[in-house]
>>> print(open('protein_4.pdb').read())   # PDB, C-alpha atoms
ATOM      1  CA  MET A   1     -19.803  -3.692 -22.272
ATOM      2  CA  LYS A   2     -23.489  -2.925 -22.749
ATOM      3  CA  LYS A   3     -25.630  -3.774 -25.736
ATOM      4  CA  VAL A   4     -29.046  -2.507 -26.866
ATOM      5  CA  VAL A   5     -31.212  -3.562 -29.812
ATOM      6  CA  ALA A   6     -33.625  -0.889 -31.067
ATOM      7  CA  THR A   7     -36.097  -0.496 -33.915
ATOM      8  CA  ALA A   8     -37.453   2.601 -35.662
ATOM      9  CA  LYS A   9     -38.615   3.806 -39.057
ATOM     10  CA  THR A  10     -35.066   4.712 -40.097
ATOM     11  CA  ILE A  11     -31.625   3.467 -39.159
ATOM     12  CA  ASP A  12     -30.647   6.864 -37.728
ATOM     13  CA  ASP A  13     -33.760   6.969 -35.557
ATOM     14  CA  ALA A  14     -33.101   3.449 -34.290
ATOM     15  CA  VAL A  15     -29.500   4.337 -33.474
ATOM     16  CA  GLN A  16     -30.549   7.486 -31.607
ATOM     17  CA  LYS A  17     -33.102   5.489 -29.658
ATOM     18  CA  ALA A  18     -30.446   2.977 -28.600
ATOM     19  CA  LEU A  19     -27.930   5.687 -27.706
ATOM     20  CA  LEU A  20     -30.504   7.417 -25.513
ATOM     21  CA  GLU A  21     -31.186   4.155 -23.702
ATOM     22  CA  LEU A  22     -27.468   3.568 -23.171
ATOM     23  CA  GLY A  23     -26.864   7.191 -22.219
ATOM     24  CA  VAL A  24     -23.686   7.496 -24.300
ATOM     25  CA  PRO A  25     -22.581   9.624 -27.288
ATOM     26  CA  ARG A  26     -22.374   8.079 -30.748
ATOM     27  CA  GLU A  27     -18.560   8.204 -30.873
ATOM     28  CA  LYS A  28     -18.311   5.823 -27.904
ATOM     29  CA  ALA A  29     -20.510   3.144 -29.424
ATOM     30  CA  SER A  30     -20.263   0.545 -32.189
ATOM     31  CA  ILE A  31     -23.307   0.127 -34.435
ATOM     32  CA  ARG A  32     -24.483  -2.913 -36.386
ATOM     33  CA  VAL A  33     -27.481  -2.854 -38.674
ATOM     34  CA  LEU A  34     -29.516  -6.025 -38.160
ATOM     35  CA  GLU A  35     -32.370  -5.233 -40.547
ATOM     36  CA  GLU A  36     -32.749  -2.548 -43.194
ATOM     37  CA  PRO A  37     -36.061  -0.678 -43.216
ATOM     38  CA  SER A  38     -38.471  -1.365 -46.070
ATOM     39  CA  ARG A  39     -41.549   0.555 -47.117
ATOM     40  CA  GLY A  40     -43.538  -2.475 -48.253
ATOM     41  CA  LEU A  41     -46.231  -2.610 -50.907
ATOM     42  CA  PHE A  42     -47.672   0.852 -51.631
ATOM     43  CA  GLY A  43     -45.561   2.082 -48.726
ATOM     44  CA  LEU A  44     -47.879   0.357 -46.249
ATOM     45  CA  ILE A  45     -48.340  -3.387 -46.568
ATOM     46  CA  GLY A  46     -45.425  -5.413 -45.212
ATOM     47  CA  ALA A  47     -43.440  -2.361 -44.124
ATOM     48  CA  LYS A  48     -40.536  -3.163 -41.805
ATOM     49  CA  ASP A  49     -38.716  -0.962 -39.325
ATOM     50  CA  ALA A  50     -34.953  -0.661 -39.197
ATOM     51  CA  LYS A  51     -33.337  -2.785 -36.517
ATOM     52  CA  VAL A  52     -29.908  -1.985 -35.065
ATOM     53  CA  GLU A  53     -27.625  -3.278 -32.357
ATOM     54  CA  VAL A  54     -25.631  -0.626 -30.519
ATOM     55  CA  GLU A  55     -22.793  -1.699 -28.260
ATOM     56  CA  PHE A  56     -21.022   0.459 -25.695
ATOM     57  CA  HIS A  57     -17.447  -0.488 -24.840
ATOM     58  CA  PHE A  58     -16.599   1.068 -21.478
ATOM     59  CA  ASP A  59     -13.057   1.227 -20.117
ATOM     60  CA  PRO A  60     -13.311   2.327 -16.466
ATOM     61  CA  VAL A  61      -9.619   3.219 -16.220
ATOM     62  CA  VAL A  62      -9.736   5.463 -19.289
ATOM     63  CA  GLU A  63     -13.015   7.071 -18.186
ATOM     64  CA  GLY A  64     -11.712   7.711 -14.679
ATOM     65  CA  ARG A  65      -8.406   9.116 -15.899
ATOM     66  CA  ASN A  66     -10.103  11.407 -18.438
ATOM     67  CA  PHE A  67     -12.508  12.667 -15.775
ATOM     68  CA  LEU A  68      -9.666  13.403 -13.360
ATOM     69  CA  GLN A  69      -7.648  15.178 -16.047
ATOM     70  CA  ASP A  70     -10.677  17.358 -16.874
ATOM     71  CA  VAL A  71     -11.111  18.231 -13.180
ATOM     72  CA  LEU A  72      -7.438  19.229 -12.905
ATOM     73  CA  THR A  73      -7.733  21.374 -16.025
ATOM     74  CA  ASN A  74     -10.857  23.113 -14.683
ATOM     75  CA  MET A  75      -9.025  23.743 -11.399
ATOM     76  CA  LYS A  76      -6.209  25.288 -13.463
ATOM     77  CA  VAL A  77      -3.727  22.792 -12.029
ATOM     78  CA  ASP A  78      -0.813  22.070 -14.357
ATOM     79  CA  ALA A  79      -0.518  18.334 -13.856
ATOM     80  CA  ARG A  80      -0.783  15.060 -15.715
ATOM     81  CA  VAL A  81      -2.205  11.726 -14.623
ATOM     82  CA  GLU A  82      -0.287   8.471 -14.995
ATOM     83  CA  SER A  83      -2.002   5.167 -14.236
ATOM     84  CA  ARG A  84      -0.515   1.826 -13.240
ATOM     85  CA  PRO A  85      -1.673  -1.301 -11.386
ATOM     86  CA  ASN A  86      -1.216  -1.495  -7.624
ATOM     87  CA  GLU A  87      -2.166  -3.928  -4.863
ATOM     88  CA  GLU A  88      -5.781  -2.725  -4.680
ATOM     89  CA  GLY A  89      -6.476  -2.196  -8.371
ATOM     90  CA  MET A  90      -5.197   0.899 -10.177
ATOM     91  CA  LEU A  91      -3.133   3.855  -9.018
ATOM     92  CA  PHE A  92      -3.648   7.274 -10.596
ATOM     93  CA  ASP A  93      -0.471   9.219  -9.872
ATOM     94  CA  ILE A  94      -0.953  12.976 -10.291
ATOM     95  CA  GLN A  95       2.342  14.501 -11.379
ATOM     96  CA  GLY A  96       3.123  18.186 -11.443
ATOM     97  CA  THR A  97       4.272  21.015  -9.190
ATOM     98  CA  ASN A  98       2.589  22.738  -6.252
ATOM     99  CA  LEU A  99      -0.039  20.046  -5.833
ATOM    100  CA  GLY A 100      -0.995  21.061  -2.303
ATOM    101  CA  ILE A 101      -4.411  22.232  -3.531
ATOM    102  CA  ILE A 102      -5.056  18.714  -4.828
ATOM    103  CA  ILE A 103      -3.990  17.046  -1.596
ATOM    104  CA  GLY A 104      -5.765  19.387   0.823
ATOM    105  CA  ARG A 105      -5.656  19.278   4.612
ATOM    106  CA  ARG A 106      -4.617  15.769   5.668
ATOM    107  CA  GLY A 107      -5.469  14.498   2.202
ATOM    108  CA  GLN A 108      -9.158  15.412   2.391
ATOM    109  CA  THR A 109      -9.294  16.920  -1.113
ATOM    110  CA  LEU A 110      -7.394  13.951  -2.522
ATOM    111  CA  ASP A 111      -9.830  11.564  -0.815
ATOM    112  CA  SER A 112     -12.839  13.475  -2.207
ATOM    113  CA  LEU A 113     -11.405  13.407  -5.730
ATOM    114  CA  GLN A 114     -10.679   9.711  -5.351
ATOM    115  CA  TYR A 115     -14.311   9.054  -4.416
ATOM    116  CA  LEU A 116     -15.600  10.985  -7.456
ATOM    117  CA  VAL A 117     -13.167   9.273  -9.827
ATOM    118  CA  ASN A 118     -14.296   5.849  -8.590
ATOM    119  CA  VAL A 119     -17.960   6.787  -9.080
ATOM    120  CA  VAL A 120     -17.357   7.971 -12.647
ATOM    121  CA  ALA A 121     -15.051   5.093 -13.556
ATOM    122  CA  ASN A 122     -17.384   2.374 -12.307
ATOM    123  CA  ARG A 123     -20.804   3.708 -13.281
ATOM    124  CA  HIS A 124     -20.944   1.530 -16.436
ATOM    125  CA  ALA A 125     -18.200  -0.983 -15.652
ATOM    126  CA  ASP A 126     -18.938  -4.697 -15.852
ATOM    127  CA  LYS A 127     -16.427  -5.326 -13.073
ATOM    128  CA  HIS A 128     -15.636  -2.867 -10.276
ATOM    129  CA  VAL A 129     -12.153  -1.347 -10.414
ATOM    130  CA  ARG A 130     -10.669   0.155  -7.243
ATOM    131  CA  ILE A 131      -8.798   3.360  -8.114
ATOM    132  CA  THR A 132      -6.417   5.065  -5.684
ATOM    133  CA  LEU A 133      -5.279   8.657  -6.219
ATOM    134  CA  ASP A 134      -1.895   9.943  -5.126
ATOM    135  CA  ALA A 135       0.076  13.170  -5.550
ATOM    136  CA  GLU A 136       3.637  13.994  -4.562
ATOM    137  CA  ASN A 137       3.872  10.528  -2.954
ATOM    138  CA  TYR A 138       1.431  11.727  -0.272
ATOM    139  CA  ARG A 139      -0.087   8.298   0.433
ATOM    140  CA  LEU A 140       3.258   6.713   1.323
ATOM    141  CA  ARG A 141       4.382   9.699   3.389
ATOM    142  CA  ARG A 142       1.074   9.749   5.281
ATOM    143  CA  LYS A 143       1.257   5.979   5.871
ATOM    144  CA  GLU A 144       4.723   6.342   7.373
ATOM    145  CA  THR A 145       3.527   9.226   9.584
ATOM    146  CA  LEU A 146       0.559   7.206  10.830
ATOM    147  CA  GLU A 147       2.719   4.165  11.585
ATOM    148  CA  GLN A 148       5.158   6.316  13.553
ATOM    149  CA  LEU A 149       2.234   7.805  15.479
ATOM    150  CA  ALA A 150       0.837   4.336  16.176
ATOM    151  CA  ASP A 151       4.200   3.140  17.471
ATOM    152  CA  ARG A 152       4.585   6.130  19.820
ATOM    153  CA  VAL A 153       1.048   5.860  21.174
ATOM    154  CA  ALA A 154       1.350   2.094  21.659
ATOM    155  CA  LYS A 155       4.457   2.618  23.809
ATOM    156  CA  LYS A 156       2.623   5.268  25.826
ATOM    157  CA  ALA A 157      -0.395   2.998  26.325
ATOM    158  CA  LEU A 158       1.905   0.262  27.636
ATOM    159  CA  SER A 159       3.838   2.530  29.982
ATOM    160  CA  THR A 160       0.767   4.293  31.418
ATOM    161  CA  LYS A 161      -1.587   1.271  31.303
ATOM    162  CA  GLN A 162      -4.218   3.657  29.977
ATOM    163  CA  ASN A 163      -6.364   3.521  26.845
ATOM    164  CA  ILE A 164      -5.341   6.284  24.480
ATOM    165  CA  ARG A 165      -7.787   7.769  22.029
ATOM    166  CA  LEU A 166      -6.518   9.165  18.730
ATOM    167  CA  GLU A 167      -8.130  12.009  16.843
ATOM    168  CA  PRO A 168     -10.878  11.193  14.293
ATOM    169  CA  MET A 169      -9.572   9.770  11.022
ATOM    170  CA  SER A 170     -10.904   8.465   7.747
ATOM    171  CA  ALA A 171     -11.577   4.742   7.365
ATOM    172  CA  ALA A 172      -8.485   4.391   5.172
ATOM    173  CA  GLU A 173      -6.217   5.973   7.787
ATOM    174  CA  ARG A 174      -7.713   3.912  10.597
ATOM    175  CA  LYS A 175      -7.042   0.820   8.529
ATOM    176  CA  VAL A 176      -3.340   1.725   8.335
ATOM    177  CA  ILE A 177      -3.045   1.956  12.128
ATOM    178  CA  HIS A 178      -5.072  -1.207  12.774
ATOM    179  CA  ALA A 179      -2.917  -3.159  10.305
ATOM    180  CA  PHE A 180       0.360  -1.823  11.695
ATOM    181  CA  LEU A 181      -0.437  -2.628  15.333
ATOM    182  CA  GLN A 182      -2.074  -5.947  14.537
ATOM    183  CA  LYS A 183       1.423  -7.415  14.306
ATOM    184  CA  ARG A 184       2.014  -6.703  17.993
ATOM    185  CA  SER A 185       0.923  -9.043  20.763
ATOM    186  CA  ASP A 186       1.069  -6.488  23.587
ATOM    187  CA  VAL A 187      -1.515  -3.938  22.399
ATOM    188  CA  VAL A 188      -4.997  -3.957  20.883
ATOM    189  CA  THR A 189      -6.838  -1.388  18.791
ATOM    190  CA  PHE A 190     -10.532  -0.742  18.304
ATOM    191  CA  SER A 191     -12.652   1.998  16.762
ATOM    192  CA  GLU A 192     -15.349   4.042  18.447
ATOM    193  CA  GLY A 193     -17.675   6.888  17.505
ATOM    194  CA  GLU A 194     -19.730   7.615  14.416
ATOM    195  CA  GLU A 195     -18.537   8.807  11.023
ATOM    196  CA  PRO A 196     -17.095  11.288  10.252
ATOM    197  CA  ASN A 197     -15.828  11.473  13.831
ATOM    198  CA  ARG A 198     -14.913   7.825  14.265
ATOM    199  CA  TYR A 199     -11.567   7.318  16.018
ATOM    200  CA  ILE A 200      -9.144   4.612  17.160
ATOM    201  CA  VAL A 201      -8.384   3.639  20.729
ATOM    202  CA  ILE A 202      -5.046   1.968  21.491
ATOM    203  CA  ALA A 203      -4.794  -0.062  24.692
ATOM    204  CA  ALA A 204      -2.419  -2.440  26.388
ATOM    205  CA  LYS A 205      -3.596  -6.008  25.900
ATOM    206  CA  GLY A 206      -5.664  -7.125  28.876
ATOM    207  CA  ALA A 207      -6.446  -3.571  29.988
ATOM    208  CA  SER A 208     -10.110  -2.799  30.594
ATOM    209  CA  ARG A 209     -11.961  -0.846  27.949
TER
END
>>> encode(input="protein_4.pdb", output="structure tokens")
Amino acid sequence: MKKVVATAKTIDDAVQKALLELGVPREKASIRVLEEPSRGLFGLIGAKDAKVEVEFHFDPVVEGRNFLQDVLTNMKVDARVESRPNEEGMLFDIQGTNLGIIIGRRGQTLDSLQYLVNVVANRHADKHVRITLDAENYRLRRKETLEQLADRVAKKALSTKQNIRLEPMSAAERKVIHAFLQKRSDVVTFSEGEEPNRYIVIAAKGASR
């Protein structure tokens, strides 16, 4: 919630001044007149400007969901967005058919959309809300794939006694592998390289790096 007090010769001018400062349209704000304008004696002496208080009520979840729905419409994707709480904050579940264009190669398009939605949703929020995007249950399926990969590579690292380097991944995907293998006492994981080419190395515990 943001609030601005503005003064001007007329109420409308004061409201417009406050709306410009807030950077929001009139329909998204509540307006309270604090002081009516008065012309004063002979229209000069004792004249008072109008004084208004304009308040902007911002719902980051609604703003983020509306933005995402507009993007899907502009992309001509027939889909709807359902939102619900999850462990990290809010999940926006994109539901429809043939959503491959939304997911992209290894979820890159989905990750990019997620970044934009979070920027839009939190630009005026009083408290940051973490929004995760998913489509066709991609996040869960990808998590399972990464955990299976981590398990296979961990076994290989143990049998060969060699450090094994995985291909570059996003920070979110690296986090999945780190968390999955953290439960094991026989292997260690660490990241190397610079973004966007940062990657994970899996090694038998005690092996040299």
>>> closest_residue(input="protein_4.pdb", among="A:Phe58, A:Phe92, A:Tyr199, A:Phe190", to="Glu173 (chain A)", atoms="all atoms listed in the file")
A:Tyr199
>>> closest_residue(input="protein_4.pdb", among="A:Ala47, A:Leu91, A:Phe56, A:Val4", to="Ala29 (chain A)", atoms="only C-alpha atoms")
A:Phe56
>>> resolve_selection(input="protein_4.pdb", expression="the PyMOL selection byres ((chain A and resi 147) around 10)", output="ChimeraX atom specification")
/A:142-146,148-153,173,176-181
>>> resolve_selection(input="protein_4.pdb", expression="the PyMOL selection byres ((chain A and resi 55) around 12)", output="number ranges by chain")
A: 1-6, 15, 18-19, 21-33, 52-54, 56-58
>>> closest_residue(input="protein_4.pdb", among="A:Arg184, A:Arg141, A:Arg106, A:Lys127", to="Met169 (chain A)", atoms="only C-alpha atoms")
A:Arg106
>>> axis_aligned_box(input="protein_4.pdb", around="region 127-135 of chain A", padding_each_side="8 Å", output="lines of an AutoDock Vina configuration file")
center_x = -8.2
center_y = 3.9
center_z = -9.1
size_x = 32.5
size_y = 34.5
size_z = 23.9
>>> resolve_selection(input="protein_4.pdb", expression="the PyMOL selection byres ((chain A and resi 84) around 12)", output="list in words")
Val61, Val62, Arg65, Val81, Glu82, Ser83, Pro85, Asn86, Glu87, Glu88, Gly89, Met90, Leu91, Phe92, Asp93, Ile94, Arg130, Ile131, Thr132, Leu133 and Asp134 of chain A
>>> residues_near_point(input="protein_4.pdb", point="(-9.4, 22.9, -9.0)", cutoff="12 Å", atoms="only C-alpha atoms", output="list in words")
Leu68, Gln69, Asp70, Val71, Leu72, Thr73, Asn74, Met75, Lys76, Val77, Asp78, Ala79, Leu99, Gly100, Ile101, Ile102, Ile103, Gly104, Thr109, Leu110 and Leu113 of chain A
>>> residues_around(input="protein_4.pdb", residues="Glu167 (chain A)", least_positions_apart="6", cutoff="10 Å", atoms="all atoms listed in the file", output="list in words")
Asn197, Arg198, Tyr199, Ile200 and Val201 of chain A
>>> atom_distance(input="protein_4.pdb", atom1="CA of Gly64 (chain A)", atom2="CA of Asn122 (chain A)")
8.1 Å
>>> atom_distance(input="protein_4.pdb", atom1="CA of Gln162 (chain A)", atom2="CA of Lys175 (chain A)")
21.8 Å
>>> closest_residue(input="protein_4.pdb", among="A:Gln108, A:Arg165, A:Ala125, A:Leu158", to="Tyr138 (chain A)", atoms="all atoms listed in the file")
A:Gln108
